[in-house]
Amino acid sequence: MWLLIVLSVSLFIIAYLGWRLICPLPLSPRKRLFLWLLLAVIIIGQRMTWFVRINGHNPAILDAVDWIGFVTLGFVSFVILMLLARDGLLILRWFLRLFRRVQPDQRKIFFKTHDPSRRRFLVNAANAAIVAAAVPLTAYSIHEARRMPDIVRLTIPVKNLPDDLDGFTIAQLTDTHVGPTIKGDWIARCVNMVNELEPDMIVHTGDMIDGHALWLHPDVVPFKALRAPHGKFFVTGNHEYYSGVQPWLKEIERIGLKPLVNDYVVIRKGEGTILLAGVTDYNSQRIEPSHVSDPMEARKGAPEHDVSILLAHQPKSVFKASEAGFDIQLSGHTHGGQFFPWTEVIRYMQPYVKGLHDVNGTKLYVSKGTGYWGPPLRLGAPPEITLITLKKA
């Protein structure tokens with residue numbers, strides 16, 4: 001299903017860009033065909049690197065191919081957005097003309113001689129302006145995605161919090177998407193940023209990776225250097241399932257993070273007790289039937305505690321988390337939309353996109369994510385590492 005979706009979107013991109021950008025060019029049919037083929041290779045061919053790497057083959061040239069492909073895809077997304085906006089205005093103008101009452105002295109404009117060469121010139125000039133505008137927009141978005149994440153400091157008030165837990169800190173990483181364009185050196189810098197915060201506990205709320213463990217395992221090794229006196233914990237995101245969840249769970253344990261697969265641990269600091277639970281990704285059972293995301297199951301048999309925290313990749317889990325009685329849920333997944341227009345579209349796909357919310361008594365925090373997925377772009381949704389502090393209400 002995922003492959004069909006990717007292929008369908010890719011074919012739409014090729015058809016639309018070819019129709020609106022290549023067809024109007026004053027070139028010979030052979031040259032236009034070459035441009036069509038080049039567009040198809042860039043849009044579809046780049047994703048073929050995944051099939052090369054699936055068996056562990058990871059030649060360095062594939063990284064360059066992925067960079068070119070993903071940057072081009074990001075650039076194309078801005079071009080398509082502007083083309084759609086222009087074409088939408090043209091369609092609106094056509095409808096207004098169609099339904100407008102025609103006065104006798106205006107009828108003559110409908111009988112003007114049609115000039116194809118002038119129309120083609122105007123279309124190509126508009127296309128050139130759109131492509132030119134997309135270049136700096138893409139460059140800035142790449143800068144925003146590739147820079148080091150912001151440190152977002154968040155205080156969550158908790159009723160009846162013991163003195164020993166007042167000021168307890170949790171560093172949250174999420175959606176690091178180690179993969180074709182995010183490598184171990186960038187992760188190592190993020191790890192240093194987290195360690196400098198000196199948190200009591202570290203959590204990663206899913207989508208650590210974007211690829212199979214056979215070729216990505218060296219790039220997740222820097223996570224091993226994370227330091228926190230009360231432990232380092234992980235829950236699966238949807239991309240762990242796309243990439244082979246069982247090998248990744250073993251790898252994540254090997255680098256020192258404890259996966260919480262519908263399970264819990266008890267964190268004690270002095271006289272204070274935290275119940276930390278974790279669920280699998282909201283849709284995990286579609287790929288791994290034994291991984292049914294269940295907040296109630298995750299805390300089953302839990303002892304008495306002062307505060308309960310659920311790690312859940314998708315914000316959608318909060319409704320069942322609230323029913324299960326969790327005080328706090330930490331999530332990611334949305335990337336805050338990552339870049340426009342998805343920063344707006346995501347609101348129709350997730351009930352909560354970013355920030356702190358109160359959902360039927362459960363405090364939900366949705367991080368905008370530490371890395372990015374697909375095109376190395378962020379626009380309107382800067383990356384973050386979150387430092388959460390528990391305070392007495």
# chains A, B, ... in the order shown; residues from 1 in each chain; ligands from 1
$ residues_around --residues "range 138-148 of chain A" --least-positions-apart "5" --cutoff "8 Å" --atoms "only C-alpha atoms" --output "list in words"
Gly74, Phe75, Phe78, Arg189, Cys190, Phe339, Gly371, Tyr372, Pro376, Leu377, Arg378, Leu379, Pro382 and Pro383 of chain A
$ residues_around --residues "Val221 in chain A" --least-positions-apart "3" --cutoff "8 Å" --atoms "only C-alpha atoms" --output "MDAnalysis selection string"
chainID A and resid 184 217:218 224 255
$ closest_atom_pairs --of "range 192-310 of chain A" --to "range 159-166 of chain A" --cutoff "7 Å" --atoms "only C-alpha atoms" --output "CSV"
residue,atom,partner,partner_atom,distance
A:Lys269,CA,A:Asp164,CA,6.2
A:Gly270,CA,A:Asp164,CA,5.7
A:Glu271,CA,A:Asp164,CA,6.2
A:Gly272,CA,A:Asp164,CA,5.5
A:Asp306,CA,A:Leu161,CA,6.4
$ closest_residue --among "A:His313, A:Val266, A:Thr280, A:Phe340" --to "Gly301 in chain A" --atoms "only C-alpha atoms"
A:Val266
$ closest_residue --among "A:Leu364, A:Ala225, A:Ala133, A:Ala393" --to "Ile187 in chain A" --atoms "only C-alpha atoms"
A:Ala225
$ atom_distance --atom1 "CA of Gln338 in chain A" --atom2 "CA of Val76 in chain A"
15.5 Å
$ select_by_dssp --residues "range 192-370 of chain A" --states "alpha helix (DSSP H)" --output "MDAnalysis selection string"
chainID A and resid 192:197 213:216 238:242 245:254 295:298 318:323 342:345
$ select_by_dssp --residues "range 251-313 of chain A" --states "strand (DSSP E or B)" --output "list in words"
Lys258, Pro259, Asp263, Tyr264, Val265, Val266, Ile267, Arg268, Lys269, Gly272, Thr273, Ile274, Leu275, Leu276, Ala277, Gly278, Val307, Ser308, Ile309, Leu310 and Leu311 of chain A
$ residues_around --residues "range 326-330 of chain A" --least-positions-apart "3" --cutoff "7 Å" --atoms "only C-alpha atoms" --output "list in words"
Val307, Ser308, Ile309, Leu310, Leu311, Ala312, Val318, Ala321, Ser322, Thr362, Lys363, Leu364, Tyr365 and Val366 of chain A
$ closest_atom_pairs --of "range 223-279 of chain A" --to "range 191-195 of chain A" --cutoff "7 Å" --atoms "only C-alpha atoms" --output "Markdown table"
| residue | atom | partner | partner_atom | distance |
| --- | --- | --- | --- | --- |
| A:Phe223 | CA | A:Val191 | CA | 6.5 |
| A:Ala225 | CA | A:Val191 | CA | 7.0 |
| A:Leu226 | CA | A:Val191 | CA | 5.9 |
| A:Arg227 | CA | A:Asn195 | CA | 6.0 |
